[in-house]
>>> print(open('coords.cif').read())   # mmCIF, N, CA and C atoms
data_work
#
loop_
_atom_site.label_atom_id
_atom_site.label_comp_id
_atom_site.auth_asym_id
_atom_site.auth_seq_id
_atom_site.Cartn_x
_atom_site.Cartn_y
_atom_site.Cartn_z
N MET A 1 19.09 -51.25 -19.72
CA MET A 1 18.21 -50.08 -19.67
C MET A 1 16.76 -50.49 -19.94
N THR A 2 16.55 -51.50 -20.77
CA THR A 2 15.19 -51.93 -21.09
C THR A 2 14.46 -52.40 -19.83
N LYS A 3 15.17 -53.14 -18.97
CA LYS A 3 14.55 -53.62 -17.72
C LYS A 3 14.14 -52.44 -16.83
N THR A 4 15.01 -51.43 -16.77
CA THR A 4 14.72 -50.26 -15.96
C THR A 4 13.53 -49.49 -16.51
N LEU A 5 13.48 -49.30 -17.82
CA LEU A 5 12.34 -48.60 -18.42
C LEU A 5 11.05 -49.39 -18.23
N THR A 6 11.15 -50.71 -18.24
CA THR A 6 9.97 -51.54 -17.97
C THR A 6 9.50 -51.32 -16.53
N LEU A 7 10.44 -51.30 -15.58
CA LEU A 7 10.07 -51.04 -14.18
C LEU A 7 9.40 -49.67 -14.04
N ILE A 8 9.98 -48.67 -14.68
CA ILE A 8 9.40 -47.32 -14.61
C ILE A 8 8.01 -47.32 -15.25
N GLY A 9 7.86 -48.00 -16.38
CA GLY A 9 6.55 -48.10 -17.02
C GLY A 9 5.51 -48.76 -16.14
N ILE A 10 5.92 -49.81 -15.44
CA ILE A 10 5.00 -50.48 -14.50
C ILE A 10 4.63 -49.54 -13.36
N CYS A 11 5.61 -48.78 -12.90
CA CYS A 11 5.33 -47.80 -11.83
C CYS A 11 4.34 -46.74 -12.30
N VAL A 12 4.52 -46.28 -13.52
CA VAL A 12 3.59 -45.29 -14.09
C VAL A 12 2.19 -45.88 -14.19
N ALA A 13 2.08 -47.09 -14.73
CA ALA A 13 0.77 -47.74 -14.86
C ALA A 13 0.15 -47.99 -13.50
N GLY A 14 0.96 -48.42 -12.54
CA GLY A 14 0.45 -48.66 -11.19
C GLY A 14 -0.04 -47.39 -10.52
N ALA A 15 0.67 -46.29 -10.75
CA ALA A 15 0.25 -45.01 -10.18
C ALA A 15 -1.08 -44.56 -10.79
N ILE A 16 -1.24 -44.78 -12.08
CA ILE A 16 -2.51 -44.43 -12.74
C ILE A 16 -3.64 -45.26 -12.15
N LEU A 17 -3.43 -46.57 -12.05
CA LEU A 17 -4.46 -47.44 -11.48
C LEU A 17 -4.77 -47.07 -10.03
N ALA A 18 -3.73 -46.78 -9.26
CA ALA A 18 -3.95 -46.40 -7.86
C ALA A 18 -4.81 -45.15 -7.76
N GLN A 19 -4.53 -44.15 -8.57
CA GLN A 19 -5.32 -42.92 -8.53
C GLN A 19 -6.77 -43.16 -8.96
N MET A 20 -6.95 -44.01 -9.96
CA MET A 20 -8.31 -44.31 -10.41
C MET A 20 -9.09 -45.04 -9.32
N PHE A 21 -8.48 -46.05 -8.71
CA PHE A 21 -9.15 -46.77 -7.63
C PHE A 21 -9.45 -45.84 -6.46
N LEU A 22 -8.50 -44.97 -6.13
CA LEU A 22 -8.71 -44.04 -5.03
C LEU A 22 -9.89 -43.13 -5.31
N LYS A 23 -9.94 -42.56 -6.51
CA LYS A 23 -11.04 -41.65 -6.85
C LYS A 23 -12.37 -42.38 -6.88
N LEU A 24 -12.40 -43.58 -7.46
CA LEU A 24 -13.65 -44.35 -7.48
C LEU A 24 -14.12 -44.66 -6.07
N GLY A 25 -13.20 -45.02 -5.20
CA GLY A 25 -13.56 -45.29 -3.81
C GLY A 25 -14.07 -44.05 -3.10
N LEU A 26 -13.39 -42.93 -3.31
CA LEU A 26 -13.81 -41.69 -2.66
C LEU A 26 -15.14 -41.19 -3.21
N ASN A 27 -15.39 -41.44 -4.49
CA ASN A 27 -16.69 -41.03 -5.06
C ASN A 27 -17.85 -41.71 -4.33
N ARG A 28 -17.63 -42.91 -3.84
CA ARG A 28 -18.69 -43.62 -3.11
C ARG A 28 -18.97 -43.00 -1.75
N HIS A 29 -17.99 -42.27 -1.21
CA HIS A 29 -18.13 -41.72 0.14
C HIS A 29 -18.49 -40.24 0.15
N GLY A 30 -18.27 -39.56 -0.95
CA GLY A 30 -18.55 -38.13 -1.01
C GLY A 30 -17.42 -37.33 -0.39
N PRO A 31 -17.60 -36.02 -0.35
CA PRO A 31 -16.55 -35.14 0.19
C PRO A 31 -16.22 -35.46 1.65
N ILE A 32 -14.95 -35.40 1.97
CA ILE A 32 -14.51 -35.63 3.35
C ILE A 32 -14.62 -34.30 4.08
N GLU A 33 -15.47 -34.27 5.08
CA GLU A 33 -15.69 -33.04 5.85
C GLU A 33 -14.69 -32.89 6.98
N SER A 34 -14.25 -34.02 7.55
CA SER A 34 -13.25 -33.98 8.61
C SER A 34 -12.40 -35.24 8.54
N PHE A 35 -11.18 -35.10 8.97
CA PHE A 35 -10.27 -36.24 8.97
C PHE A 35 -10.26 -36.88 10.35
N SER A 36 -11.44 -37.25 10.80
CA SER A 36 -11.57 -37.88 12.11
C SER A 36 -11.15 -39.34 12.01
N LEU A 37 -10.92 -39.94 13.15
CA LEU A 37 -10.55 -41.35 13.20
C LEU A 37 -11.66 -42.20 12.60
N THR A 38 -12.90 -41.85 12.87
CA THR A 38 -14.04 -42.60 12.33
C THR A 38 -14.04 -42.54 10.80
N THR A 39 -13.80 -41.38 10.24
CA THR A 39 -13.76 -41.23 8.79
C THR A 39 -12.62 -42.05 8.20
N MET A 40 -11.46 -41.99 8.81
CA MET A 40 -10.31 -42.72 8.29
C MET A 40 -10.52 -44.24 8.37
N ILE A 41 -11.15 -44.70 9.43
CA ILE A 41 -11.46 -46.14 9.55
C ILE A 41 -12.45 -46.54 8.46
N ARG A 42 -13.48 -45.72 8.26
CA ARG A 42 -14.48 -46.03 7.23
C ARG A 42 -13.84 -46.09 5.86
N LEU A 43 -12.98 -45.13 5.54
CA LEU A 43 -12.31 -45.12 4.25
C LEU A 43 -11.34 -46.29 4.10
N SER A 44 -10.68 -46.64 5.19
CA SER A 44 -9.69 -47.72 5.11
C SER A 44 -10.32 -49.09 4.92
N ARG A 45 -11.62 -49.17 5.06
CA ARG A 45 -12.33 -50.44 4.84
C ARG A 45 -12.89 -50.58 3.43
N ASP A 46 -12.77 -49.54 2.64
CA ASP A 46 -13.31 -49.57 1.28
C ASP A 46 -12.37 -50.38 0.38
N PRO A 47 -12.87 -51.39 -0.32
CA PRO A 47 -12.02 -52.22 -1.16
C PRO A 47 -11.28 -51.45 -2.27
N LEU A 48 -11.92 -50.43 -2.83
CA LEU A 48 -11.25 -49.66 -3.87
C LEU A 48 -10.11 -48.83 -3.30
N ILE A 49 -10.31 -48.28 -2.14
CA ILE A 49 -9.25 -47.50 -1.50
C ILE A 49 -8.12 -48.43 -1.06
N LEU A 50 -8.46 -49.61 -0.58
CA LEU A 50 -7.43 -50.60 -0.23
C LEU A 50 -6.65 -51.02 -1.47
N ALA A 51 -7.33 -51.16 -2.60
CA ALA A 51 -6.63 -51.49 -3.86
C ALA A 51 -5.68 -50.37 -4.24
N ALA A 52 -6.09 -49.13 -4.04
CA ALA A 52 -5.22 -47.99 -4.34
C ALA A 52 -3.96 -48.04 -3.49
N VAL A 53 -4.12 -48.31 -2.21
CA VAL A 53 -2.97 -48.39 -1.31
C VAL A 53 -2.06 -49.55 -1.73
N ALA A 54 -2.66 -50.67 -2.12
CA ALA A 54 -1.87 -51.83 -2.55
C ALA A 54 -1.07 -51.49 -3.82
N PHE A 55 -1.69 -50.83 -4.78
CA PHE A 55 -0.97 -50.46 -5.99
C PHE A 55 0.15 -49.47 -5.69
N HIS A 56 -0.12 -48.50 -4.83
CA HIS A 56 0.94 -47.55 -4.46
C HIS A 56 2.09 -48.27 -3.77
N SER A 57 1.78 -49.20 -2.90
CA SER A 57 2.82 -49.94 -2.18
C SER A 57 3.65 -50.79 -3.14
N ALA A 58 2.98 -51.51 -4.01
CA ALA A 58 3.69 -52.38 -4.96
C ALA A 58 4.57 -51.56 -5.90
N THR A 59 4.04 -50.47 -6.41
CA THR A 59 4.85 -49.66 -7.32
C THR A 59 5.98 -48.97 -6.57
N GLY A 60 5.78 -48.68 -5.30
CA GLY A 60 6.87 -48.11 -4.50
C GLY A 60 8.05 -49.05 -4.40
N ILE A 61 7.77 -50.33 -4.25
CA ILE A 61 8.84 -51.33 -4.19
C ILE A 61 9.55 -51.43 -5.54
N LEU A 62 8.77 -51.44 -6.61
CA LEU A 62 9.39 -51.49 -7.95
C LEU A 62 10.19 -50.22 -8.24
N TRP A 63 9.71 -49.10 -7.73
CA TRP A 63 10.41 -47.83 -7.92
C TRP A 63 11.80 -47.88 -7.30
N ILE A 64 11.91 -48.53 -6.16
CA ILE A 64 13.22 -48.70 -5.51
C ILE A 64 14.17 -49.43 -6.46
N GLY A 65 13.67 -50.47 -7.12
CA GLY A 65 14.50 -51.19 -8.09
C GLY A 65 14.92 -50.32 -9.25
N ALA A 66 14.00 -49.52 -9.75
CA ALA A 66 14.34 -48.63 -10.87
C ALA A 66 15.37 -47.60 -10.45
N LEU A 67 15.18 -46.99 -9.29
CA LEU A 67 16.12 -45.95 -8.84
C LEU A 67 17.50 -46.49 -8.55
N SER A 68 17.58 -47.78 -8.24
CA SER A 68 18.90 -48.35 -7.97
C SER A 68 19.72 -48.48 -9.26
N ARG A 69 19.06 -48.31 -10.41
CA ARG A 69 19.73 -48.54 -11.70
C ARG A 69 20.02 -47.25 -12.50
N VAL A 70 19.24 -46.18 -12.25
CA VAL A 70 19.41 -44.96 -13.05
C VAL A 70 19.40 -43.73 -12.15
N ASP A 71 19.81 -42.62 -12.73
CA ASP A 71 19.80 -41.35 -12.00
C ASP A 71 18.36 -40.94 -11.67
N LEU A 72 18.20 -40.35 -10.51
CA LEU A 72 16.91 -39.82 -10.12
C LEU A 72 16.45 -38.74 -11.10
N SER A 73 17.39 -37.95 -11.59
CA SER A 73 17.04 -36.88 -12.53
C SER A 73 16.58 -37.41 -13.88
N PHE A 74 16.80 -38.68 -14.15
CA PHE A 74 16.27 -39.32 -15.35
C PHE A 74 14.92 -39.97 -15.04
N ALA A 75 14.87 -40.73 -13.96
CA ALA A 75 13.68 -41.52 -13.65
C ALA A 75 12.48 -40.67 -13.22
N TYR A 76 12.72 -39.73 -12.33
CA TYR A 76 11.59 -39.00 -11.74
C TYR A 76 10.77 -38.21 -12.76
N PRO A 77 11.40 -37.51 -13.69
CA PRO A 77 10.58 -36.80 -14.69
C PRO A 77 9.69 -37.74 -15.52
N LEU A 78 10.08 -39.00 -15.64
CA LEU A 78 9.25 -39.95 -16.40
C LEU A 78 7.93 -40.24 -15.68
N LEU A 79 7.90 -39.99 -14.38
CA LEU A 79 6.65 -40.18 -13.64
C LEU A 79 5.57 -39.18 -14.06
N THR A 80 5.97 -38.12 -14.77
CA THR A 80 4.95 -37.20 -15.28
C THR A 80 4.02 -37.91 -16.26
N LEU A 81 4.47 -39.04 -16.78
CA LEU A 81 3.57 -39.82 -17.64
C LEU A 81 2.38 -40.34 -16.85
N SER A 82 2.55 -40.54 -15.54
CA SER A 82 1.39 -40.94 -14.73
C SER A 82 0.40 -39.79 -14.60
N VAL A 83 0.92 -38.58 -14.51
CA VAL A 83 0.05 -37.39 -14.46
C VAL A 83 -0.76 -37.29 -15.75
N ALA A 84 -0.07 -37.45 -16.87
CA ALA A 84 -0.76 -37.41 -18.16
C ALA A 84 -1.74 -38.56 -18.30
N GLY A 85 -1.32 -39.74 -17.86
CA GLY A 85 -2.20 -40.91 -17.94
C GLY A 85 -3.45 -40.76 -17.11
N VAL A 86 -3.31 -40.22 -15.91
CA VAL A 86 -4.47 -40.00 -15.05
C VAL A 86 -5.42 -39.00 -15.71
N ALA A 87 -4.87 -37.94 -16.28
CA ALA A 87 -5.72 -36.95 -16.94
C ALA A 87 -6.50 -37.57 -18.10
N LEU A 88 -5.82 -38.38 -18.89
CA LEU A 88 -6.49 -39.01 -20.04
C LEU A 88 -7.51 -40.06 -19.60
N VAL A 89 -7.10 -40.93 -18.69
CA VAL A 89 -8.00 -42.01 -18.26
C VAL A 89 -9.20 -41.45 -17.50
N SER A 90 -8.99 -40.45 -16.67
CA SER A 90 -10.11 -39.90 -15.91
C SER A 90 -11.10 -39.16 -16.81
N SER A 91 -10.60 -38.59 -17.90
CA SER A 91 -11.54 -37.93 -18.81
C SER A 91 -12.42 -38.95 -19.53
N VAL A 92 -11.87 -40.13 -19.78
CA VAL A 92 -12.63 -41.17 -20.46
C VAL A 92 -13.47 -41.98 -19.47
N ALA A 93 -12.81 -42.50 -18.43
CA ALA A 93 -13.47 -43.43 -17.52
C ALA A 93 -14.40 -42.75 -16.52
N LEU A 94 -14.06 -41.52 -16.12
CA LEU A 94 -14.85 -40.82 -15.11
C LEU A 94 -15.64 -39.65 -15.67
N ASN A 95 -15.55 -39.45 -16.98
CA ASN A 95 -16.22 -38.32 -17.64
C ASN A 95 -15.81 -36.97 -17.06
N GLU A 96 -14.57 -36.87 -16.61
CA GLU A 96 -14.08 -35.59 -16.12
C GLU A 96 -13.74 -34.71 -17.33
N PRO A 97 -13.91 -33.41 -17.19
CA PRO A 97 -13.68 -32.53 -18.35
C PRO A 97 -12.21 -32.48 -18.76
N MET A 98 -11.99 -32.43 -20.07
CA MET A 98 -10.64 -32.24 -20.63
C MET A 98 -10.72 -31.00 -21.51
N ASN A 99 -10.54 -29.85 -20.88
CA ASN A 99 -10.59 -28.62 -21.66
C ASN A 99 -9.24 -28.36 -22.32
N LEU A 100 -9.15 -27.29 -23.06
CA LEU A 100 -7.95 -27.00 -23.83
C LEU A 100 -6.72 -26.85 -22.93
N SER A 101 -6.86 -26.16 -21.81
CA SER A 101 -5.73 -25.97 -20.90
C SER A 101 -5.22 -27.30 -20.35
N ARG A 102 -6.14 -28.18 -19.96
CA ARG A 102 -5.73 -29.49 -19.44
C ARG A 102 -5.09 -30.32 -20.54
N ALA A 103 -5.64 -30.25 -21.74
CA ALA A 103 -5.09 -31.02 -22.85
C ALA A 103 -3.67 -30.55 -23.17
N ILE A 104 -3.45 -29.24 -23.19
CA ILE A 104 -2.12 -28.70 -23.48
C ILE A 104 -1.15 -29.10 -22.35
N GLY A 105 -1.58 -28.97 -21.13
CA GLY A 105 -0.73 -29.37 -20.00
C GLY A 105 -0.37 -30.85 -20.05
N THR A 106 -1.33 -31.68 -20.42
CA THR A 106 -1.08 -33.12 -20.54
C THR A 106 -0.08 -33.39 -21.65
N LEU A 107 -0.25 -32.72 -22.78
CA LEU A 107 0.69 -32.89 -23.89
C LEU A 107 2.09 -32.40 -23.52
N LEU A 108 2.17 -31.32 -22.76
CA LEU A 108 3.48 -30.82 -22.33
C LEU A 108 4.17 -31.82 -21.40
N ALA A 109 3.40 -32.47 -20.53
CA ALA A 109 3.97 -33.49 -19.65
C ALA A 109 4.53 -34.66 -20.47
N ILE A 110 3.78 -35.07 -21.47
CA ILE A 110 4.24 -36.16 -22.35
C ILE A 110 5.49 -35.73 -23.11
N ALA A 111 5.48 -34.51 -23.62
CA ALA A 111 6.65 -33.99 -24.35
C ALA A 111 7.87 -33.92 -23.44
N GLY A 112 7.68 -33.51 -22.20
CA GLY A 112 8.78 -33.44 -21.25
C GLY A 112 9.38 -34.81 -20.98
N ALA A 113 8.52 -35.80 -20.80
CA ALA A 113 9.02 -37.17 -20.58
C ALA A 113 9.77 -37.66 -21.82
N TRP A 114 9.27 -37.35 -22.98
CA TRP A 114 9.94 -37.76 -24.23
C TRP A 114 11.33 -37.15 -24.31
N LEU A 115 11.45 -35.87 -23.94
CA LEU A 115 12.75 -35.21 -23.97
C LEU A 115 13.72 -35.87 -23.00
N VAL A 116 13.24 -36.22 -21.83
CA VAL A 116 14.09 -36.88 -20.84
C VAL A 116 14.54 -38.24 -21.37
N LEU A 117 13.64 -38.97 -21.99
CA LEU A 117 14.00 -40.28 -22.56
C LEU A 117 15.10 -40.17 -23.61
N ARG A 118 15.11 -39.07 -24.33
CA ARG A 118 16.11 -38.87 -25.37
C ARG A 118 17.46 -38.44 -24.81
N SER A 119 17.51 -38.06 -23.55
CA SER A 119 18.76 -37.53 -22.97
C SER A 119 19.79 -38.62 -22.72
#
>>> encode(input="coords.cif", output="C-alpha cells")
Amino acid sequence: MTKTLTLIGICVAGAILAQMFLKLGLNRHGPIESFSLTTMIRLSRDPLILAAVAFHSATGILWIGALSRVDLSFAYPLLTLSVAGVALVSSVALNEPMNLSRAIGTLLAIAGAWLVLRS
C-alpha cells in the first residue's frame, strides 16, 4: 500500500505542478479570445505550457500504475488533494485571493481525502 500511496502522492504533486506551469504560461499570453489553429500553435510552443503537458502525461502514466493496485473509489477522491494544493500554492505563488469560502472549501477537500485514507 505504501508504494501505491507514493504513486498517488506523486500524481497529486505532478497535477499541482502542471496546473501552475499552465497558468504561468497562459498568464504570458493573456485571455484566449478564440480557439483558432493559430492560437493553439502559439500556445503549444510555450515552454511552460509544454511543461504542463509533460507533467500531466507523466502523472497519467503513474496514475495507471496506482489504479492497477487499488479501487478507483479509494484512489480518485485522493486527487482532491491536488485541488487543495493548487488553491494553496496559487494563493502564495501567484498572489491569488484566498477568501474564507475558498479556505473552507480547501479544508473540506483535505478532510475528505483524510477520511478516504482512513477507510
>>> residues_around(input="coords.cif", residues="segment 57-73 of chain A", least_positions_apart="4", cutoff="10 Å", atoms="only C-alpha atoms", output="PyMOL selection string")
chain A and resi 1+3-15+18+51-53+77-78+116
>>> resolve_selection(input="coords.cif", expression="the PyMOL selection byres ((chain A and resi 25) around 8)", output="list of chain:residue names")
A:Gln19, A:Met20, A:Phe21, A:Leu22, A:Lys23, A:Leu24, A:Leu26, A:Asn27, A:Arg28, A:His29, A:Gly30, A:Leu43, A:Asp46, A:Pro47, A:Leu48, A:Ile49, A:Leu50
>>> atom_distance(input="coords.cif", atom1="atom CA of Arg102 of chain A", atom2="atom CA of Ala87 of chain A")
7.9 Å
>>> atom_distance(input="coords.cif", atom1="atom C of Ala103 of chain A", atom2="atom N of Leu117 of chain A")
19.3 Å
>>> closest_residue(input="coords.cif", among="A:Ala84, A:Met40, A:Ala93, A:Ser119", to="Thr106 of chain A", atoms="only N, CA and C atoms")
A:Ala84
>>> select_by_dssp(input="coords.cif", residues="chain A", states="helix (DSSP H, G or I)", output="VMD selection string")
chain A and resid 2 to 29 37 to 44 47 to 67 72 to 78 80 to 93 100 to 118
>>> atom_distance(input="coords.cif", atom1="atom N of Ala111 of chain A", atom2="atom N of Ala54 of chain A")
28.1 Å
>>> axis_aligned_box(input="coords.cif", around="segment 44-63 of chain A", padding_each_side="8 Å", output="JSON")
{"center_x": -0.8, "center_y": -49.5, "center_z": -1.5, "size_x": 41.1, "size_y": 21.7, "size_z": 29.4}
>>> closest_residue(input="coords.cif", among="A:Ser34, A:Val83, A:Ile41, A:His56", to="Gly105 of chain A", atoms="only N, CA and C atoms")
A:Val83
